[in-house]
file my_file_2.cif (mmCIF, C-alpha atoms)
data_structure
loop_
_atom_site.label_atom_id
_atom_site.label_comp_id
_atom_site.auth_asym_id
_atom_site.auth_seq_id
_atom_site.Cartn_x
_atom_site.Cartn_y
_atom_site.Cartn_z
CA MET X 222 -12.14 12.78 -1.59
CA SER X 223 -10.26 9.67 -0.58
CA MET X 224 -6.90 7.98 -0.86
CA GLY X 225 -8.86 4.73 -0.77
CA ALA X 226 -11.55 3.37 -3.08
CA LEU X 227 -12.01 5.27 -6.37
CA GLY X 228 -9.07 7.59 -5.70
CA ASP X 229 -5.98 5.54 -4.85
CA SER X 230 -4.77 4.73 -8.35
CA PHE X 231 -5.11 8.35 -9.48
CA TYR X 232 -2.65 9.56 -6.85
CA GLU X 233 -0.37 6.60 -7.45
CA TYR X 234 -0.12 7.24 -11.18
CA LEU X 235 0.58 10.95 -10.74
CA LEU X 236 3.78 9.97 -8.97
CA LYS X 237 4.69 6.98 -11.10
CA ALA X 238 4.13 8.74 -14.44
CA TRP X 239 6.68 11.30 -13.31
CA LEU X 240 9.11 8.63 -12.14
CA GLN X 241 8.84 6.59 -15.32
CA SER X 242 9.65 9.70 -17.37
CA ASP X 243 12.97 9.88 -15.48
CA GLU X 244 11.53 12.97 -13.77
CA GLU X 245 11.30 14.81 -17.10
CA ASP X 246 7.49 15.09 -17.23
CA THR X 247 7.16 18.50 -15.60
CA GLN X 248 3.36 18.48 -15.76
CA ALA X 249 3.22 15.22 -13.82
CA LYS X 250 5.71 16.61 -11.32
CA GLN X 251 3.58 19.69 -10.70
CA MET X 252 0.40 17.62 -10.36
CA VAL X 253 1.90 15.21 -7.85
CA ALA X 254 3.40 18.04 -5.79
CA GLU X 255 0.01 19.79 -5.61
CA ALA X 256 -1.78 16.54 -4.79
CA ILE X 257 0.61 15.62 -1.98
CA GLN X 258 0.33 19.09 -0.49
CA ALA X 259 -3.48 18.90 -0.57
CA VAL X 260 -3.58 15.40 0.93
CA GLU X 261 -1.26 16.39 3.75
CA GLN X 262 -3.17 19.60 4.45
CA HIS X 263 -6.68 18.17 4.40
CA MET X 264 -6.56 14.40 4.98
CA VAL X 265 -3.61 13.45 7.19
CA GLN X 266 -4.82 13.08 10.78
CA ARG X 267 -3.34 11.93 14.08
CA SER X 268 -5.39 10.01 16.64
CA LYS X 269 -5.32 10.88 20.33
CA ASN X 270 -2.92 7.96 20.84
CA GLY X 271 -0.63 9.10 18.06
CA LEU X 272 -1.63 6.93 15.10
CA VAL X 273 -1.32 8.77 11.78
CA TYR X 274 -4.03 7.99 9.23
CA LEU X 275 -5.73 9.34 6.13
CA ALA X 276 -9.31 10.43 6.68
CA ASP X 277 -11.87 10.63 3.89
CA ILE X 278 -13.56 13.91 3.02
CA LYS X 279 -17.29 13.75 2.36
CA TYR X 280 -18.62 17.06 1.09
CA ASP X 281 -17.37 19.50 3.75
CA ARG X 282 -16.64 17.12 6.63
CA LEU X 283 -14.00 14.58 7.61
CA GLU X 284 -14.90 10.93 7.99
CA HIS X 285 -12.32 9.38 10.30
CA LYS X 286 -12.15 6.13 8.35
CA MET X 287 -9.24 4.69 6.42
CA ASP X 288 -9.68 2.04 3.74
CA HIS X 289 -7.29 -0.88 3.42
CA LEU X 290 -6.82 0.41 -0.13
CA ALA X 291 -5.42 3.67 1.28
CA CYS X 292 -2.63 1.76 2.99
CA PHE X 293 -0.72 1.95 -0.28
CA ALA X 294 0.08 5.49 0.90
CA GLY X 295 2.96 4.29 3.06
CA GLY X 296 4.76 3.18 -0.08
CA PHE X 297 3.52 6.23 -1.98
CA PHE X 298 5.02 8.72 0.46
CA GLY X 299 8.15 6.61 0.85
CA LEU X 300 8.67 6.60 -2.90
CA SER X 301 8.00 10.34 -3.00
CA ALA X 302 10.68 10.87 -0.37
CA THR X 303 13.34 9.41 -2.68
CA VAL X 304 12.81 12.04 -5.38
CA PHE X 305 11.58 15.14 -3.57
CA PRO X 306 13.96 17.97 -2.58
CA GLU X 307 16.48 17.09 0.11
CA ASP X 308 14.85 19.29 2.74
CA GLN X 309 11.55 17.40 2.36
CA ARG X 310 12.78 13.83 2.21
CA ASN X 311 13.00 13.05 5.93
CA HIS X 312 9.55 14.54 6.45
CA TYR X 313 7.88 12.36 3.82
CA LEU X 314 9.80 9.25 4.82
CA GLN X 315 8.58 9.72 8.39
CA LEU X 316 5.03 10.18 7.14
CA ALA X 317 5.42 6.94 5.17
CA LYS X 318 6.63 5.12 8.29
CA ASP X 319 3.80 6.52 10.41
CA ILE X 320 1.06 5.52 7.96
CA THR X 321 2.55 2.05 7.51
CA HIS X 322 2.70 1.63 11.29
CA THR X 323 -1.00 2.50 11.54
CA CYS X 324 -1.88 -0.02 8.83
CA HIS X 325 0.10 -2.68 10.68
CA GLU X 326 -1.87 -1.81 13.81
CA SER X 327 -5.11 -2.50 11.93
CA TYR X 328 -3.80 -6.04 11.41
CA ASP X 329 -2.30 -6.48 14.85
CA ARG X 330 -5.51 -5.47 16.63
CA THR X 331 -7.46 -8.42 15.24
CA PRO X 332 -7.31 -12.00 16.56
CA THR X 333 -6.61 -13.29 13.05
CA LYS X 334 -3.76 -10.79 12.53
CA LEU X 335 -5.33 -9.86 9.19
CA GLY X 336 -6.62 -6.37 8.53
CA PRO X 337 -10.20 -5.27 7.85
CA GLU X 338 -11.41 -3.68 4.62
CA ALA X 339 -11.70 -0.35 6.45
CA PHE X 340 -10.94 0.87 9.95
CA ARG X 341 -12.04 3.85 11.98
CA PHE X 342 -10.92 6.25 14.67
CA THR X 343 -13.24 7.42 17.46
CA GLU X 344 -12.85 8.59 21.04
CA SER X 345 -12.92 4.99 22.25
CA LEU X 346 -11.51 2.97 19.35
CA GLU X 347 -8.58 3.25 16.95
CA ALA X 348 -7.59 1.35 13.79
CA GLN X 349 -10.51 -1.06 14.06
CA ALA X 350 -13.57 -1.75 11.94
CA ILE X 351 -16.96 -0.87 13.37
CA LYS X 352 -19.46 -1.80 10.68
CA GLN X 353 -20.08 -5.39 9.71
CA ASN X 354 -19.39 -4.66 6.05
CA GLU X 355 -15.90 -3.38 6.91
CA ARG X 356 -14.69 -6.48 8.73
CA TYR X 357 -13.81 -8.71 5.80
CA TYR X 358 -10.38 -9.47 4.35
CA ILE X 359 -9.99 -10.35 0.69
CA LEU X 360 -6.22 -10.90 0.36
CA ARG X 361 -5.54 -7.27 -0.53
CA PRO X 362 -1.93 -6.17 -1.19
CA GLU X 363 -1.72 -2.54 -0.03
CA VAL X 364 -0.31 -3.11 3.44
CA ILE X 365 2.23 -5.61 2.12
CA GLU X 366 3.08 -3.14 -0.65
CA SER X 367 4.01 -0.48 1.89
CA TYR X 368 6.07 -3.00 3.87
CA PHE X 369 7.98 -3.68 0.64
CA TYR X 370 8.79 -0.04 -0.07
CA LEU X 371 9.71 0.74 3.53
CA TRP X 372 11.96 -2.32 3.63
CA ARG X 373 13.72 -1.19 0.46
CA PHE X 374 14.17 2.38 1.72
CA THR X 375 15.07 1.78 5.37
CA LYS X 376 16.25 -1.83 5.71
CA ASP X 377 14.50 -1.88 9.09
CA PRO X 378 13.97 -5.61 9.79
CA LYS X 379 10.55 -4.97 11.31
CA TYR X 380 9.06 -4.67 7.83
CA ARG X 381 10.16 -8.19 6.98
CA GLU X 382 8.89 -9.33 10.37
CA TRP X 383 5.50 -7.72 9.75
CA ALA X 384 5.35 -9.27 6.29
CA TRP X 385 6.07 -12.70 7.76
CA GLU X 386 3.33 -12.18 10.34
CA ALA X 387 0.92 -11.62 7.45
CA VAL X 388 2.17 -14.74 5.66
CA GLN X 389 1.58 -16.85 8.75
CA ALA X 390 -1.89 -15.38 9.23
CA MET X 391 -2.84 -16.05 5.61
CA GLU X 392 -1.57 -19.60 5.86
CA LYS X 393 -3.61 -20.15 9.01
CA HIS X 394 -6.88 -18.48 8.05
CA CYS X 395 -6.97 -18.24 4.24
CA ARG X 396 -5.25 -21.36 2.90
CA VAL X 397 -7.66 -23.92 1.47
CA GLU X 398 -7.27 -26.99 -0.70
CA GLY X 399 -7.59 -25.09 -3.98
CA GLY X 400 -5.56 -22.00 -3.08
CA TYR X 401 -6.41 -19.04 -0.83
CA THR X 402 -9.70 -17.47 0.17
CA GLY X 403 -10.84 -14.27 1.80
CA ILE X 404 -12.52 -14.30 5.20
CA ARG X 405 -15.70 -12.49 6.17
CA ASN X 406 -14.70 -11.34 9.65
CA VAL X 407 -11.13 -10.66 10.73
CA TYR X 408 -12.30 -10.46 14.35
CA ALA X 409 -13.42 -14.11 14.40
CA THR X 410 -10.80 -16.84 14.24
CA ASP X 411 -13.37 -19.43 13.16
CA GLY X 412 -15.52 -17.21 10.94
CA PRO X 413 -16.80 -18.04 7.45
CA LYS X 414 -14.69 -17.78 4.31
CA ASP X 415 -15.81 -16.13 1.07
CA ASP X 416 -14.51 -18.89 -1.24
CA VAL X 417 -12.86 -16.39 -3.63
CA GLN X 418 -9.20 -16.06 -4.58
CA GLN X 419 -8.83 -12.55 -6.00
CA SER X 420 -6.61 -12.00 -9.06
CA PHE X 421 -4.68 -9.24 -7.28
CA PHE X 422 -3.58 -11.77 -4.69
CA LEU X 423 -1.37 -13.38 -7.33
CA ALA X 424 -0.41 -10.19 -9.19
CA GLU X 425 0.35 -8.05 -6.15
CA THR X 426 0.16 -9.60 -2.69
CA LEU X 427 2.36 -12.59 -3.42
CA LYS X 428 4.68 -10.56 -5.66
CA TYR X 429 5.35 -7.96 -2.98
CA LEU X 430 5.93 -10.69 -0.43
CA TYR X 431 8.41 -12.37 -2.77
CA LEU X 432 10.21 -9.07 -3.35
CA ILE X 433 10.41 -8.27 0.37
CA PHE X 434 12.39 -11.45 0.95
CA SER X 435 14.49 -11.10 -2.22
CA ASP X 436 17.65 -9.14 -2.93
CA ASP X 437 17.27 -5.53 -4.08
CA SER X 438 18.86 -6.46 -7.41
CA LEU X 439 15.56 -8.09 -8.34
CA LEU X 440 13.56 -5.20 -9.86
CA PRO X 441 15.72 -2.33 -8.57
CA LEU X 442 13.58 0.75 -8.06
CA ASP X 443 16.00 3.06 -9.87
CA GLN X 444 15.26 1.11 -13.07
CA TRP X 445 11.67 -0.06 -12.65
CA VAL X 446 8.33 1.40 -11.63
CA LEU X 447 5.68 -0.99 -10.36
CA ASN X 448 2.26 0.07 -11.59
CA THR X 449 -0.91 -0.13 -9.52
CA GLU X 450 -1.21 -3.86 -10.26
CA ALA X 451 2.50 -4.39 -9.49
CA HIS X 452 3.49 -4.95 -13.13
CA PRO X 453 7.08 -3.70 -13.61
CA LEU X 454 7.54 -0.91 -16.15
CA PRO X 455 11.02 0.25 -17.24
CA ILE X 456 12.14 3.80 -16.45
CA ARG X 457 13.14 6.02 -19.34
CA ASN X 458 16.92 6.59 -19.70
CA LYS X 459 17.57 4.21 -16.79
CA ASN X 460 16.46 0.89 -18.22
CA PRO X 461 17.36 -0.33 -21.74
CA ARG X 462 14.02 -2.13 -21.91
CA TYR X 463 12.22 1.21 -22.09
CA GLY X 464 10.88 1.53 -25.64
CA ALA X 465 12.44 -1.76 -26.69
CA VAL X 466 10.58 -3.86 -29.22
CA VAL X 467 9.96 -7.34 -27.90
CA PRO X 468 10.06 -9.87 -30.75
CA ALA X 469 7.02 -12.03 -31.22
CA PRO X 470 7.46 -15.66 -30.20
CA THR X 471 8.14 -18.06 -33.04
CA SER X 472 6.25 -21.30 -33.38
#

call {"tool": "encode", "arguments": {"input": "my_file_2.cif", "output": "structure tokens"}}
result
Amino acid sequence: MSMGALGDSFYEYLLKAWLQSDEEDTQAKQMVAEAIQAVEQHMVQRSKNGLVYLADIKYDRLEHKMDHLACFAGGFFGLSATVFPEDQRNHYLQLAKDITHTCHESYDRTPTKLGPEAFRFTESLEAQAIKQNERYYILRPEVIESYFYLWRFTKDPKYREWAWEAVQAMEKHCRVEGGYTGIRNVYATDGPKDDVQQSFFLAETLKYLYLIFSDDSLLPLDQWVLNTEAHPLPIRNKNPRYGAVVPAPTS
């Protein structure tokens, strides 16, 4: 069980299916409520120094590792806080802030200021990769995504500051003549690059960065839901584009 690889989009779509229905899909509402309760009960952990993270569950034991992919959860819980009952909203918004802070720490604790593919928590180490195959960075969007949602919901300037830190780090370590590339080791400032520009870098990472520094009137979240690849989908009853027929282009 994981909020990272092979599980992240499932949890995300439970929430967003409900939101896109204008909160009328009662089955989706029940499923997301049960999922959030289970995640909080079994996966949310706090390190000895106070960092909140999402552990994986393997069979009957916890693995104190958090994937970069799971960092979408800051935005997930923040978005949940906007539609859950009033007495739960502050709780889930704080959880969103705490998880996003931890994901920022995974970036800030590297010399490149870019986060690893996965990071771990032990008695002697927190929010850092241990294994060689966890140290790479491939331009993933999830941390930036959570910065975007927390900026929209709190207007705390630190989320724009953190986003700009990531921009500067990408420009320094990932920019190449033909675009942007991943790097194989975030703990080495002169390490090798992977020579791949992932499609989600354009669809998600850059889009969320653009939205962070744009006005809220661009894709307002009470009219649009951003799917797991950051494509905007109109919300039923809130957006006239919902169900609209788009005419085919004429030659």

call {"tool": "closest_atom_pairs", "arguments": {"input": "my_file_2.cif", "of": "region 298-340 of chain X", "to": "region 369-390 of chain X", "cutoff": "8 Å", "atoms": "all atoms listed in the file", "output": "Markdown table"}}
result
| residue | atom | partner | partner_atom | distance |
| --- | --- | --- | --- | --- |
| X:Gly299 | CA | X:Leu371 | CA | 6.6 |
| X:Leu300 | CA | X:Tyr370 | CA | 7.2 |
| X:Ala317 | CA | X:Leu371 | CA | 7.7 |
| X:Lys318 | CA | X:Leu371 | CA | 7.2 |
| X:His325 | CA | X:Trp383 | CA | 7.4 |
| X:Thr333 | CA | X:Ala390 | CA | 6.4 |
| X:Lys334 | CA | X:Ala390 | CA | 6.0 |
| X:Leu335 | CA | X:Ala390 | CA | 6.5 |

call {"tool": "write_last_selection", "arguments": {"input": "my_file_2.cif", "atoms": "C-alpha atoms", "output": "mmCIF file, in the coordinates of the input"}}
result
data_model
loop_
_atom_site.group_PDB
_atom_site.id
_atom_site.type_symbol
_atom_site.label_atom_id
_atom_site.label_comp_id
_atom_site.auth_asym_id
_atom_site.auth_seq_id
_atom_site.Cartn_x
_atom_site.Cartn_y
_atom_site.Cartn_z
ATOM 1 C CA GLY X 299 8.150 6.610 0.850
ATOM 2 C CA LEU X 300 8.670 6.600 -2.900
ATOM 3 C CA ALA X 317 5.420 6.940 5.170
ATOM 4 C CA LYS X 318 6.630 5.120 8.290
ATOM 5 C CA HIS X 325 0.100 -2.680 10.680
ATOM 6 C CA THR X 333 -6.610 -13.290 13.050
ATOM 7 C CA LYS X 334 -3.760 -10.790 12.530
ATOM 8 C CA LEU X 335 -5.330 -9.860 9.190
#

call {"tool": "closest_residue", "arguments": {"input": "my_file_2.cif", "among": "X:Trp445, X:Glu366, X:Asp411, X:Asp416", "to": "Gly399 (chain X)", "atoms": "all atoms listed in the file"}}
result
X:Asp416

call {"tool": "residues_around", "arguments": {"input": "my_file_2.cif", "residues": "Ile320 (chain X)", "least_positions_apart": "4", "cutoff": "6 Å", "atoms": "all atoms listed in the file", "output": "PDB file with C-alpha atoms, in the frame of the given file"}}
result
ATOM      1  CA  VAL X 273      -1.320   8.770  11.780  1.00  0.00           C
ATOM      2  CA  TYR X 274      -4.030   7.990   9.230  1.00  0.00           C
ATOM      3  CA  GLY X 295       2.960   4.290   3.060  1.00  0.00           C
TER       4      GLY X 295
END

call {"tool": "closest_residue", "arguments": {"input": "my_file_2.cif", "among": "X:Phe293, X:Phe298, X:Tyr463, X:Tyr280", "to": "Ala256 (chain X)", "atoms": "all atoms listed in the file"}}
result
X:Phe298

call {"tool": "closest_residue", "arguments": {"input": "my_file_2.cif", "among": "X:Ser268, X:Thr331, X:Thr426, X:Gln419", "to": "Val364 (chain X)", "atoms": "only C-alpha atoms"}}
result
X:Thr426

call {"tool": "axis_aligned_box", "arguments": {"input": "my_file_2.cif", "around": "region 375-380 of chain X", "padding_each_side": "4 Å", "output": "JSON"}}
result
{"center_x": 12.7, "center_y": -1.9, "center_z": 8.3, "size_x": 15.2, "size_y": 15.4, "size_z": 13.9}

call {"tool": "closest_residue", "arguments": {"input": "my_file_2.cif", "among": "X:Met222, X:Leu430, X:Ile359, X:Cys324", "to": "Arg282 (chain X)", "atoms": "all atoms listed in the file"}}
result
X:Met222

call {"tool": "atom_distance", "arguments": {"input": "my_file_2.cif", "atom1": "CA of Pro453 (chain X)", "atom2": "CA of Ile257 (chain X)"}}
result
23.5 Å

call {"tool": "atom_distance", "arguments": {"input": "my_file_2.cif", "atom1": "CA of Gly400 (chain X)", "atom2": "CA of Gln418 (chain X)"}}
result
7.1 Å

call {"tool": "resolve_selection", "arguments": {"input": "my_file_2.cif", "expression": "the PyMOL selection byres ((chain X and resi 442) around 12)", "output": "JSON list (two decimals) with C-alpha atoms, keeping the file's coordinate frame"}}
result
[["chain", "number", "residue", "atom", "x", "y", "z"],
["X", 237, "LYS", "CA", 4.69, 6.98, -11.10],
["X", 240, "LEU", "CA", 9.11, 8.63, -12.14],
["X", 241, "GLN", "CA", 8.84, 6.59, -15.32],
["X", 243, "ASP", "CA", 12.97, 9.88, -15.48],
["X", 299, "GLY", "CA", 8.15, 6.61, 0.85],
["X", 300, "LEU", "CA", 8.67, 6.60, -2.90],
["X", 303, "THR", "CA", 13.34, 9.41, -2.68],
["X", 304, "VAL", "CA", 12.81, 12.04, -5.38],
["X", 369, "PHE", "CA", 7.98, -3.68, 0.64],
["X", 370, "TYR", "CA", 8.79, -0.04, -0.07],
["X", 373, "ARG", "CA", 13.72, -1.19, 0.46],
["X", 374, "PHE", "CA", 14.17, 2.38, 1.72],
["X", 432, "LEU", "CA", 10.21, -9.07, -3.35],
["X", 436, "ASP", "CA", 17.65, -9.14, -2.93],
["X", 437, "ASP", "CA", 17.27, -5.53, -4.08],
["X", 438, "SER", "CA", 18.86, -6.46, -7.41],
["X", 439, "LEU", "CA", 15.56, -8.09, -8.34],
["X", 440, "LEU", "CA", 13.56, -5.20, -9.86],
["X", 441, "PRO", "CA", 15.72, -2.33, -8.57],
["X", 443, "ASP", "CA", 16.00, 3.06, -9.87],
["X", 444, "GLN", "CA", 15.26, 1.11, -13.07],
["X", 445, "TRP", "CA", 11.67, -0.06, -12.65],
["X", 446, "VAL", "CA", 8.33, 1.40, -11.63],
["X", 447, "LEU", "CA", 5.68, -0.99, -10.36],
["X", 448, "ASN", "CA", 2.26, 0.07, -11.59],
["X", 453, "PRO", "CA", 7.08, -3.70, -13.61],
["X", 454, "LEU", "CA", 7.54, -0.91, -16.15],
["X", 455, "PRO", "CA", 11.02, 0.25, -17.24],
["X", 456, "ILE", "CA", 12.14, 3.80, -16.45],
["X", 459, "LYS", "CA", 17.57, 4.21, -16.79],
["X", 460, "ASN", "CA", 16.46, 0.89, -18.22]]

call {"tool": "resolve_selection", "arguments": {"input": "my_file_2.cif", "expression": "the PyMOL selection byres ((chain X and resi 422) around 9)", "output": "list in words"}}
result
Ile359, Leu360, Arg361, Pro362, Tyr401, Gln418, Gln419, Ser420, Phe421, Leu423, Ala424, Glu425, Thr426, Leu427 and Lys428 of chain X

call {"tool": "residues_around", "arguments": {"input": "my_file_2.cif", "residues": "Lys250 (chain X)", "least_positions_apart": "3", "cutoff": "9 Å", "atoms": "all atoms listed in the file", "output": "list in words"}}
result
Leu235, Leu236, Ala238, Trp239, Leu240, Glu244, Glu245, Asp246, Thr247, Val253, Ala254 and Glu255 of chain X

call {"tool": "write_last_selection", "arguments": {"input": "my_file_2.cif", "atoms": "C-alpha atoms", "output": "PDB file, in the frame of the given file"}}
result
ATOM      1  CA  LEU X 235       0.580  10.950 -10.740  1.00  0.00           C
ATOM      2  CA  LEU X 236       3.780   9.970  -8.970  1.00  0.00           C
ATOM      3  CA  ALA X 238       4.130   8.740 -14.440  1.00  0.00           C
ATOM      4  CA  TRP X 239       6.680  11.300 -13.310  1.00  0.00           C
ATOM      5  CA  LEU X 240       9.110   8.630 -12.140  1.00  0.00           C
ATOM      6  CA  GLU X 244      11.530  12.970 -13.770  1.00  0.00           C
ATOM      7  CA  GLU X 245      11.300  14.810 -17.100  1.00  0.00           C
ATOM      8  CA  ASP X 246       7.490  15.090 -17.230  1.00  0.00           C
ATOM      9  CA  THR X 247       7.160  18.500 -15.600  1.00  0.00           C
ATOM     10  CA  VAL X 253       1.900  15.210  -7.850  1.00  0.00           C
ATOM     11  CA  ALA X 254       3.400  18.040  -5.790  1.00  0.00           C
ATOM     12  CA  GLU X 255       0.010  19.790  -5.610  1.00  0.00           C
TER      13      GLU X 255
END

call {"tool": "resolve_selection", "arguments": {"input": "my_file_2.cif", "expression": "the PyMOL selection byres ((chain X and resi 288) around 9)", "output": "list in words"}}
result
Ser223, Met224, Gly225, Ala226, Leu275, Ala276, Asp277, Lys286, Met287, His289, Leu290, Ala291, Cys292, Pro337, Glu338, Ala339, Phe340, Arg341 and Glu355 of chain X

call {"tool": "closest_residue", "arguments": {"input": "my_file_2.cif", "among": "X:Ala294, X:Pro461, X:Leu272, X:Glu326", "to": "Thr449 (chain X)", "atoms": "all atoms listed in the file"}}
result
X:Ala294

call {"tool": "closest_residue", "arguments": {"input": "my_file_2.cif", "among": "X:Tyr313, X:Tyr358, X:Phe305, X:Phe297", "to": "Asn406 (chain X)", "atoms": "only C-alpha atoms"}}
result
X:Tyr358
